[in-house]
>>> print(open('my_file.cif').read())   # mmCIF, C-alpha atoms
data_work
loop_
_atom_site.label_atom_id
_atom_site.label_comp_id
_atom_site.auth_asym_id
_atom_site.auth_seq_id
_atom_site.Cartn_x
_atom_site.Cartn_y
_atom_site.Cartn_z
CA MET A 1 73.89 -91.50 85.87
CA SER A 2 70.51 -91.01 84.18
CA THR A 3 70.43 -89.05 80.95
CA HIS A 4 66.65 -88.65 81.06
CA LYS A 5 65.72 -85.03 80.45
CA ARG A 6 62.89 -83.72 82.60
CA GLN A 7 60.02 -82.32 80.53
CA ALA A 8 59.66 -78.57 80.79
CA PRO A 9 56.63 -77.39 82.80
CA THR A 10 53.54 -76.42 80.81
CA ILE A 11 50.93 -73.73 81.34
CA HIS A 12 48.68 -76.47 82.72
CA ASP A 13 51.32 -77.35 85.32
CA VAL A 14 51.44 -73.68 86.33
CA ALA A 15 47.64 -73.58 86.61
CA GLN A 16 47.53 -76.73 88.74
CA HIS A 17 50.29 -75.47 91.03
CA ALA A 18 48.51 -72.11 91.50
CA GLY A 19 45.08 -73.68 91.92
CA VAL A 20 43.55 -71.79 89.01
CA SER A 21 42.20 -72.64 85.56
CA SER A 22 44.49 -72.93 82.54
CA MET A 23 42.69 -69.92 81.06
CA THR A 24 43.51 -67.80 84.10
CA ALA A 25 47.16 -68.89 84.06
CA SER A 26 47.35 -68.06 80.36
CA ARG A 27 45.88 -64.61 81.01
CA VAL A 28 48.62 -63.88 83.52
CA VAL A 29 51.38 -65.18 81.22
CA ASN A 30 50.00 -63.08 78.36
CA ASP A 31 49.56 -60.03 80.62
CA TYR A 32 45.82 -59.72 80.09
CA PRO A 33 43.94 -57.17 82.22
CA HIS A 34 41.08 -57.96 84.64
CA VAL A 35 43.01 -60.52 86.71
CA ARG A 36 42.66 -60.02 90.45
CA PRO A 37 46.00 -59.04 92.05
CA ALA A 38 45.90 -61.96 94.49
CA VAL A 39 45.30 -64.45 91.66
CA ARG A 40 48.03 -62.87 89.52
CA ALA A 41 50.47 -63.16 92.43
CA LYS A 42 49.67 -66.88 92.88
CA VAL A 43 50.26 -67.60 89.19
CA GLU A 44 53.47 -65.57 89.09
CA GLU A 45 54.74 -67.45 92.14
CA ALA A 46 53.92 -70.78 90.44
CA ILE A 47 55.79 -69.63 87.31
CA LYS A 48 58.82 -68.79 89.43
CA THR A 49 58.68 -72.00 91.45
CA LEU A 50 58.29 -74.28 88.43
CA GLY A 51 60.68 -72.33 86.22
CA TYR A 52 58.04 -72.04 83.51
CA ARG A 53 59.09 -70.26 80.31
CA PRO A 54 56.85 -69.95 77.26
CA ASN A 55 58.67 -71.69 74.43
CA SER A 56 56.67 -71.54 71.25
CA GLN A 57 58.77 -73.98 69.24
CA ALA A 58 58.88 -76.53 72.03
CA ARG A 59 55.14 -76.23 72.55
CA ALA A 60 54.33 -76.92 68.92
CA THR A 61 56.70 -79.89 68.89
CA ARG A 62 55.29 -81.36 72.12
CA THR A 63 51.67 -81.19 71.04
CA GLY A 64 52.16 -82.52 67.54
CA ILE A 65 49.80 -79.84 66.19
CA SER A 66 51.32 -76.95 64.27
CA GLN A 67 48.20 -75.69 62.47
CA ILE A 68 44.80 -74.96 64.04
CA GLY A 69 41.76 -74.11 61.94
CA MET A 70 39.32 -71.39 62.98
CA ILE A 71 35.98 -70.77 61.33
CA TYR A 72 33.83 -67.66 61.62
CA SER A 73 30.37 -67.20 60.18
CA ASN A 74 29.40 -63.56 60.73
CA ALA A 75 31.89 -61.03 59.39
CA ASN A 76 29.80 -58.16 60.77
CA SER A 77 29.68 -59.42 64.36
CA SER A 78 31.19 -57.06 66.93
CA ASN A 79 32.57 -60.19 68.61
CA LEU A 80 34.77 -61.09 65.65
CA SER A 81 37.82 -58.97 66.42
CA SER A 82 38.02 -60.24 70.02
CA TYR A 83 37.55 -63.84 68.83
CA LEU A 84 40.38 -63.58 66.31
CA MET A 85 42.79 -61.46 68.33
CA GLY A 86 42.52 -63.65 71.43
CA ALA A 87 43.35 -66.69 69.31
CA PHE A 88 46.16 -64.93 67.43
CA ARG A 89 47.83 -63.88 70.66
CA GLN A 90 47.73 -67.37 72.16
CA ALA A 91 48.89 -68.96 68.89
CA SER A 92 51.89 -66.65 68.88
CA ILE A 93 52.78 -67.67 72.43
CA SER A 94 52.18 -71.36 71.69
CA GLY A 95 54.07 -71.50 68.41
CA CYS A 96 51.24 -72.74 66.23
CA GLN A 97 49.73 -71.31 63.07
CA LEU A 98 46.07 -70.32 62.74
CA LEU A 99 44.22 -71.09 59.52
CA ILE A 100 41.25 -68.70 59.38
CA GLU A 101 38.30 -69.64 57.20
CA PRO A 102 35.08 -67.62 56.72
CA SER A 103 32.18 -69.98 56.16
CA GLN A 104 30.22 -67.44 54.07
CA VAL A 105 32.50 -67.85 51.06
CA HIS A 106 31.62 -71.55 50.77
CA PRO A 107 28.43 -73.21 49.50
CA SER A 108 28.01 -74.75 52.95
CA PRO A 109 29.78 -74.66 56.35
CA ALA A 110 30.85 -78.26 55.75
CA ASP A 111 32.87 -77.09 52.74
CA ALA A 112 34.74 -74.63 54.97
CA VAL A 113 35.57 -77.49 57.32
CA ARG A 114 36.70 -79.69 54.41
CA LYS A 115 39.06 -76.97 53.24
CA LEU A 116 40.68 -76.76 56.67
CA ILE A 117 41.08 -80.54 56.69
CA GLU A 118 42.64 -80.45 53.21
CA VAL A 119 45.23 -77.80 54.13
CA GLY A 120 46.39 -79.76 57.15
CA ALA A 121 44.68 -78.40 60.24
CA GLY A 122 45.34 -80.71 63.17
CA ALA A 123 42.32 -79.37 65.07
CA VAL A 124 39.47 -76.99 64.26
CA ILE A 125 37.77 -74.46 66.54
CA LEU A 126 34.04 -74.43 65.84
CA PRO A 127 31.83 -71.43 66.79
CA PRO A 128 28.01 -71.60 66.94
CA PRO A 129 26.09 -73.06 65.23
CA LEU A 130 28.77 -75.39 63.81
CA CYS A 131 29.82 -76.56 67.27
CA ASP A 132 26.31 -77.95 67.79
CA ASP A 133 26.12 -79.68 64.38
CA ALA A 134 26.61 -83.43 64.72
CA SER A 135 27.34 -83.84 61.00
CA ILE A 136 30.22 -81.34 61.18
CA ARG A 137 31.72 -83.11 64.17
CA ALA A 138 31.35 -86.47 62.39
CA LEU A 139 33.14 -85.04 59.34
CA LEU A 140 36.11 -84.01 61.48
CA GLU A 141 36.14 -87.28 63.39
CA LYS A 142 36.23 -89.29 60.16
CA ALA A 143 39.23 -87.23 59.01
CA GLY A 144 41.00 -87.73 62.33
CA VAL A 145 40.95 -84.01 63.07
CA GLY A 146 40.13 -82.76 66.55
CA ALA A 147 37.29 -80.32 67.24
CA VAL A 148 36.95 -77.68 69.95
CA SER A 149 33.49 -76.24 70.58
CA PHE A 150 33.63 -72.48 71.10
CA ALA A 151 30.84 -70.62 72.94
CA THR A 152 28.41 -73.50 72.75
CA ALA A 153 25.55 -73.47 75.24
CA ARG A 154 25.42 -77.26 75.21
CA PRO A 155 28.92 -78.72 75.61
CA GLN A 156 28.94 -82.39 74.67
CA PRO A 157 30.25 -85.02 77.09
CA ASN A 158 33.80 -86.10 76.30
CA ALA A 159 34.34 -83.24 73.85
CA PRO A 160 36.68 -80.23 74.31
CA ALA A 161 34.75 -76.99 74.77
CA VAL A 162 35.04 -73.46 76.12
CA PHE A 163 31.77 -71.82 77.08
CA ILE A 164 29.79 -69.69 79.50
CA ASP A 165 26.46 -70.33 81.22
CA ASP A 166 24.19 -68.49 78.76
CA PHE A 167 21.09 -69.33 80.76
CA GLU A 168 22.58 -67.81 83.90
CA GLY A 169 23.65 -64.69 82.03
CA ALA A 170 20.13 -64.13 80.73
CA ARG A 171 18.71 -64.85 84.17
CA LEU A 172 20.98 -62.25 85.75
CA MET A 173 20.01 -59.58 83.23
CA THR A 174 16.28 -60.30 83.37
CA GLN A 175 16.38 -60.25 87.16
CA HIS A 176 18.29 -56.94 87.05
CA LEU A 177 15.46 -55.38 85.03
CA ILE A 178 12.84 -56.87 87.35
CA ASP A 179 14.69 -55.55 90.40
CA LEU A 180 14.62 -52.07 88.84
CA GLY A 181 10.84 -52.35 88.82
CA HIS A 182 10.13 -53.33 85.21
CA VAL A 183 7.12 -55.52 84.46
CA ASP A 184 6.76 -55.10 80.71
CA ILE A 185 10.08 -56.60 79.59
CA ALA A 186 10.51 -57.57 75.95
CA PHE A 187 13.18 -59.85 74.51
CA VAL A 188 14.98 -59.83 71.15
CA ARG A 189 16.18 -63.35 70.48
CA GLY A 190 19.10 -64.51 68.36
CA ASP A 191 19.37 -67.11 65.64
CA PRO A 192 17.36 -70.13 66.87
CA ALA A 193 19.92 -72.43 65.22
CA HIS A 194 22.42 -71.36 67.89
CA SER A 195 22.29 -73.15 71.22
CA THR A 196 23.33 -69.85 72.82
CA ALA A 197 20.20 -68.16 71.49
CA GLN A 198 18.00 -70.94 72.83
CA ARG A 199 19.53 -70.86 76.30
CA ARG A 200 19.44 -67.07 76.58
CA GLU A 201 15.77 -67.02 75.64
CA GLN A 202 15.05 -69.78 78.15
CA GLY A 203 16.86 -67.82 80.86
CA TYR A 204 14.67 -64.80 80.12
CA ARG A 205 11.44 -66.80 80.04
CA ASP A 206 12.10 -68.82 83.18
CA THR A 207 13.10 -65.73 85.18
CA MET A 208 9.98 -63.87 84.12
CA VAL A 209 7.78 -66.81 85.12
CA ALA A 210 9.58 -67.23 88.43
CA ALA A 211 8.83 -63.57 89.19
CA GLY A 212 5.15 -64.06 88.38
CA LEU A 213 5.37 -61.97 85.20
CA VAL A 214 3.67 -62.73 81.91
CA VAL A 215 5.78 -63.35 78.79
CA ARG A 216 3.60 -61.91 76.03
CA ASP A 217 4.03 -63.46 72.59
CA SER A 218 4.22 -59.98 71.09
CA TYR A 219 7.11 -59.13 73.43
CA VAL A 220 9.45 -61.77 71.97
CA ALA A 221 10.87 -60.72 68.59
CA ASP A 222 13.34 -62.36 66.21
CA GLY A 223 16.62 -60.54 65.69
CA GLY A 224 18.90 -63.25 64.31
CA PHE A 225 21.93 -61.90 66.24
CA SER A 226 22.38 -59.15 63.60
CA TYR A 227 22.08 -55.36 63.73
CA ARG A 228 19.64 -55.40 60.81
CA GLY A 229 17.53 -58.02 62.55
CA GLY A 230 17.60 -55.91 65.70
CA LEU A 231 16.23 -52.93 63.77
CA GLU A 232 13.24 -54.96 62.57
CA ALA A 233 12.62 -56.36 66.05
CA ALA A 234 12.80 -52.90 67.62
CA ARG A 235 10.36 -51.41 65.11
CA HIS A 236 7.89 -54.15 66.01
CA LEU A 237 8.32 -53.85 69.78
CA LEU A 238 8.29 -50.07 69.91
CA GLY A 239 5.28 -49.95 67.61
CA LEU A 240 3.09 -51.94 69.97
CA ARG A 241 0.12 -50.23 71.57
CA ARG A 242 1.41 -51.34 74.98
CA ARG A 243 5.08 -50.56 74.51
CA PRO A 244 7.55 -52.40 76.79
CA SER A 245 9.40 -50.35 79.38
CA ALA A 246 12.55 -52.46 78.93
CA ILE A 247 14.01 -54.46 76.05
CA PHE A 248 16.64 -57.13 76.64
CA ALA A 249 18.45 -58.12 73.43
CA ALA A 250 20.36 -61.40 73.24
CA ASN A 251 23.49 -59.67 71.98
CA ASP A 252 24.95 -56.16 71.90
CA ASP A 253 24.55 -55.67 68.15
CA MET A 254 20.79 -56.08 68.43
CA ALA A 255 20.70 -53.90 71.55
CA ALA A 256 22.50 -51.14 69.62
CA ALA A 257 19.87 -51.43 66.90
CA VAL A 258 17.09 -51.10 69.49
CA SER A 259 18.79 -47.95 70.79
CA ALA A 260 18.97 -46.48 67.27
CA VAL A 261 15.27 -47.06 66.65
CA ALA A 262 14.35 -45.65 70.06
CA HIS A 263 16.36 -42.49 69.44
CA GLY A 264 14.69 -42.16 66.05
CA LEU A 265 11.30 -42.21 67.76
CA GLY A 266 12.39 -39.48 70.16
CA LEU A 267 12.52 -41.76 73.19
CA SER A 268 14.90 -40.96 76.02
CA ILE A 269 17.10 -43.82 77.24
CA PRO A 270 16.72 -44.93 79.99
CA ALA A 271 14.00 -42.49 81.13
CA ASP A 272 11.45 -43.79 78.59
CA LEU A 273 13.01 -47.15 77.76
CA SER A 274 15.68 -49.31 79.37
CA ILE A 275 17.86 -51.35 77.01
CA ALA A 276 20.12 -54.27 77.90
CA GLY A 277 22.41 -56.49 75.83
CA PHE A 278 24.69 -59.51 76.09
CA ASP A 279 28.45 -60.05 75.38
CA ASP A 280 30.03 -56.66 76.29
CA THR A 281 31.52 -56.15 72.84
CA PRO A 282 33.12 -52.81 71.84
CA VAL A 283 29.78 -51.47 70.62
CA ALA A 284 28.52 -51.52 74.23
CA THR A 285 30.75 -48.59 75.15
CA THR A 286 30.63 -46.71 71.84
CA MET A 287 26.83 -46.34 71.71
CA TRP A 288 25.01 -43.70 73.73
CA PRO A 289 24.09 -44.10 76.46
CA GLU A 290 26.57 -46.88 77.19
CA LEU A 291 24.97 -50.30 77.37
CA THR A 292 24.15 -52.43 80.39
CA THR A 293 25.18 -55.92 79.31
CA ILE A 294 26.58 -59.33 80.27
CA ARG A 295 30.35 -59.52 79.86
CA GLN A 296 31.51 -62.64 78.03
CA PRO A 297 35.35 -62.74 77.85
CA ILE A 298 35.54 -63.63 74.16
CA ALA A 299 39.28 -62.97 73.69
CA ASP A 300 40.21 -65.06 76.72
CA MET A 301 37.86 -67.81 75.61
CA ALA A 302 39.43 -67.87 72.13
CA ALA A 303 42.88 -68.14 73.72
CA SER A 304 41.61 -71.06 75.80
CA ALA A 305 40.20 -72.72 72.68
CA VAL A 306 43.70 -72.65 71.15
CA LEU A 307 45.09 -74.29 74.30
CA LEU A 308 42.39 -76.97 74.16
CA ALA A 309 43.20 -77.63 70.51
CA LEU A 310 46.85 -78.13 71.45
CA ASP A 311 45.75 -80.50 74.22
CA ILE A 312 44.16 -82.69 71.55
CA GLY A 313 47.59 -83.04 69.97
CA ARG A 314 49.16 -83.93 73.32
CA SER A 315 46.44 -86.24 74.70
CA GLY A 316 44.79 -87.56 71.56
CA PRO A 317 41.31 -87.15 70.04
CA ASP A 318 39.64 -88.24 73.28
CA ALA A 319 41.01 -85.25 75.21
CA ALA A 320 37.89 -83.82 76.81
CA ASN A 321 39.03 -80.75 78.69
CA GLN A 322 36.24 -78.21 79.14
CA ILE A 323 36.55 -74.66 80.39
CA GLN A 324 33.63 -72.62 81.68
CA ALA A 325 34.49 -68.92 81.58
CA GLU A 326 33.10 -66.44 84.05
CA LEU A 327 30.43 -63.95 83.08
CA THR A 328 29.61 -60.64 84.73
CA LEU A 329 26.66 -58.26 84.66
CA VAL A 330 28.00 -54.81 83.77
CA GLN A 331 25.57 -52.04 84.68
CA ARG A 332 25.89 -48.86 82.66
CA ALA A 333 23.63 -45.94 81.78
CA SER A 334 21.09 -47.66 79.51
CA THR A 335 18.95 -49.12 82.31
CA SER A 336 17.03 -47.51 85.16
CA ALA A 337 13.67 -47.71 86.88
CA PRO A 338 10.66 -47.62 84.54
CA PRO A 339 8.74 -44.37 83.87
CA ALA A 340 6.39 -43.44 86.71
#
>>> encode(input="my_file.cif", output="structure tokens")
Amino acid sequence: MSTHKRQAPTIHDVAQHAGVSSMTASRVVNDYPHVRPAVRAKVEEAIKTLGYRPNSQARATRTGISQIGMIYSNANSSNLSSYLMGAFRQASISGCQLLIEPSQVHPSPADAVRKLIEVGAGAVILPPPLCDDASIRALLEKAGVGAVSFATARPQPNAPAVFIDDFEGARLMTQHLIDLGHVDIAFVRGDPAHSTAQRREQGYRDTMVAAGLVVRDSYVADGGFSYRGGLEAARHLLGLRRRPSAIFAANDDMAAAVSAVAHGLGLSIPADLSIAGFDDTPVATTMWPELTTIRQPIADMAASAVLLALDIGRSGPDAANQIQAELTLVQRASTSAPPA
């Protein structure tokens, strides 16, 4: 009689059985909202059929990784809480420990990575722009520590990554404004060192050109992905002699800053000016009027990044699982047809 013990099913087995992504299966297991009832039912049936039970201690033992490093670079970003909480929740389920390191407290981002290596991280989750920095990835590779690219717009071949299609998100939003009748559409771009900023700007530009609209140099302003940068960009754009009828900002923080400047000038939103953002962070529904934006599921993506980091421990440094998360255009009260 064989004494071989069958390995317990994993979340990936559940996902494969249900015909969904590992991220979707994890969302059902963790009781996240915004899962279609039919999809939830398929995953729950797979859980029942396979006898899957989250076992944090077993998971950590199986993967060989007990500590995962996470770096963040912008403490003021409205994305930060979703990024951290999504990862914390998945780490709790998976039985691993998160080592959180802010890059700002170090002389360079590489020093933040070195610290995580020194304290024993088995894998490190890298947000932009670190995920696109070849020297950072080489540093981790030399130390034998896995890397997961988070929210990169340019996932590398044979490298774990979780991402969205930033170009497509910007195309959707720009087309939304065009469909409303806007011609004079300005853009507030993010930090050019981020691949996400580059792709979102390209999505805006290409969509404008495809519609036969001119992209004026004066209509593209630097915002650096920060609220303060958004204020400066908005003052420039709204001070132009030919003021745009719509402003699309590459993230919600900058869009909120545009709204603040517009209100200060006595402009009515959206009657005088339509404003759109990107990410659907909490600020999108706390500003007034509420912001039309592109929803990027940051918390779910962070949870998936933890799963990918654990996969490195199971499958080795060449594990190259990549997850593309879905994005959605969320129309709220900040956009409408241009003034007559």
>>> closest_residue(input="my_file.cif", among="A:Val261, A:Leu238, A:Val39, A:Ala211", to="Ala15 of chain A", atoms="all atoms listed in the file")
A:Val39
>>> resolve_selection(input="my_file.cif", expression="the PyMOL selection byres ((chain A and resi 323) around 7)", output="ChimeraX atom specification")
/A:161-163,321-322,324-325
>>> resolve_selection(input="my_file.cif", expression="the PyMOL selection byres ((chain A and resi 79) around 8)", output="PDB file with C-alpha atoms, in the coordinates of the input")
ATOM      1  CA  SER A  77      29.680 -59.420  64.360  1.00  0.00           C
ATOM      2  CA  SER A  78      31.190 -57.060  66.930  1.00  0.00           C
ATOM      3  CA  LEU A  80      34.770 -61.090  65.650  1.00  0.00           C
ATOM      4  CA  SER A  81      37.820 -58.970  66.420  1.00  0.00           C
ATOM      5  CA  SER A  82      38.020 -60.240  70.020  1.00  0.00           C
ATOM      6  CA  TYR A  83      37.550 -63.840  68.830  1.00  0.00           C
ATOM      7  CA  ASP A 279      28.450 -60.050  75.380  1.00  0.00           C
ATOM      8  CA  THR A 281      31.520 -56.150  72.840  1.00  0.00           C
ATOM      9  CA  ILE A 298      35.540 -63.630  74.160  1.00  0.00           C
TER      10      ILE A 298
END
>>> residues_around(input="my_file.cif", residues="Gly51 of chain A", least_positions_apart="6", cutoff="10 Å", atoms="all atoms listed in the file", output="PyMOL selection string")
chain A and resi 8-10+14+45
>>> resolve_selection(input="my_file.cif", expression="the PyMOL selection byres ((chain A and resi 88) around 9)", output="PyMOL selection string")
chain A and resi 83-87+89-93+97-98+302-303+306
>>> closest_residue(input="my_file.cif", among="A:Pro127, A:Gly146, A:Gly212, A:Pro289", to="Met301 of chain A", atoms="only C-alpha atoms")
A:Pro127
>>> residues_around(input="my_file.cif", residues="Glu326 of chain A", least_positions_apart="3", cutoff="8 Å", atoms="only C-alpha atoms", output="PDB file with C-alpha atoms, in the frame of the given file")
ATOM      1  CA  ILE A 164      29.790 -69.690  79.500  1.00  0.00           C
ATOM      2  CA  GLN A 296      31.510 -62.640  78.030  1.00  0.00           C
ATOM      3  CA  PRO A 297      35.350 -62.740  77.850  1.00  0.00           C
TER       4      PRO A 297
END
>>> atom_distance(input="my_file.cif", atom1="atom CA of Ser66 of chain A", atom2="atom CA of His12 of chain A")
18.6 Å
>>> closest_residue(input="my_file.cif", among="A:Ser103, A:Ser334, A:Ser195, A:Thr328", to="Ala246 of chain A", atoms="only C-alpha atoms")
A:Ser334
>>> axis_aligned_box(input="my_file.cif", around="segment 196-202 of chain A", padding_each_side="3 Å", output="lines of an AutoDock Vina configuration file")
center_x = 19.2
center_y = -69.0
center_z = 74.8
size_x = 14.3
size_y = 9.9
size_z = 12.7
>>> atom_distance(input="my_file.cif", atom1="atom CA of Asp111 of chain A", atom2="atom CA of Glu141 of chain A")
15.1 Å
>>> atom_distance(input="my_file.cif", atom1="atom CA of Tyr219 of chain A", atom2="atom CA of Arg189 of chain A")
10.4 Å
>>> residues_around(input="my_file.cif", residues="Gly229 of chain A", least_positions_apart="6", cutoff="12 Å", atoms="all atoms listed in the file", output="list in words")
Val188, Arg189, Gly190, Asp191, Ala221, Asp222, Gly223, Arg235, His236, Ala249, Ala250, Asn251, Asp253, Met254, Ala255, Ala256, Ala257, Val258 and Val261 of chain A
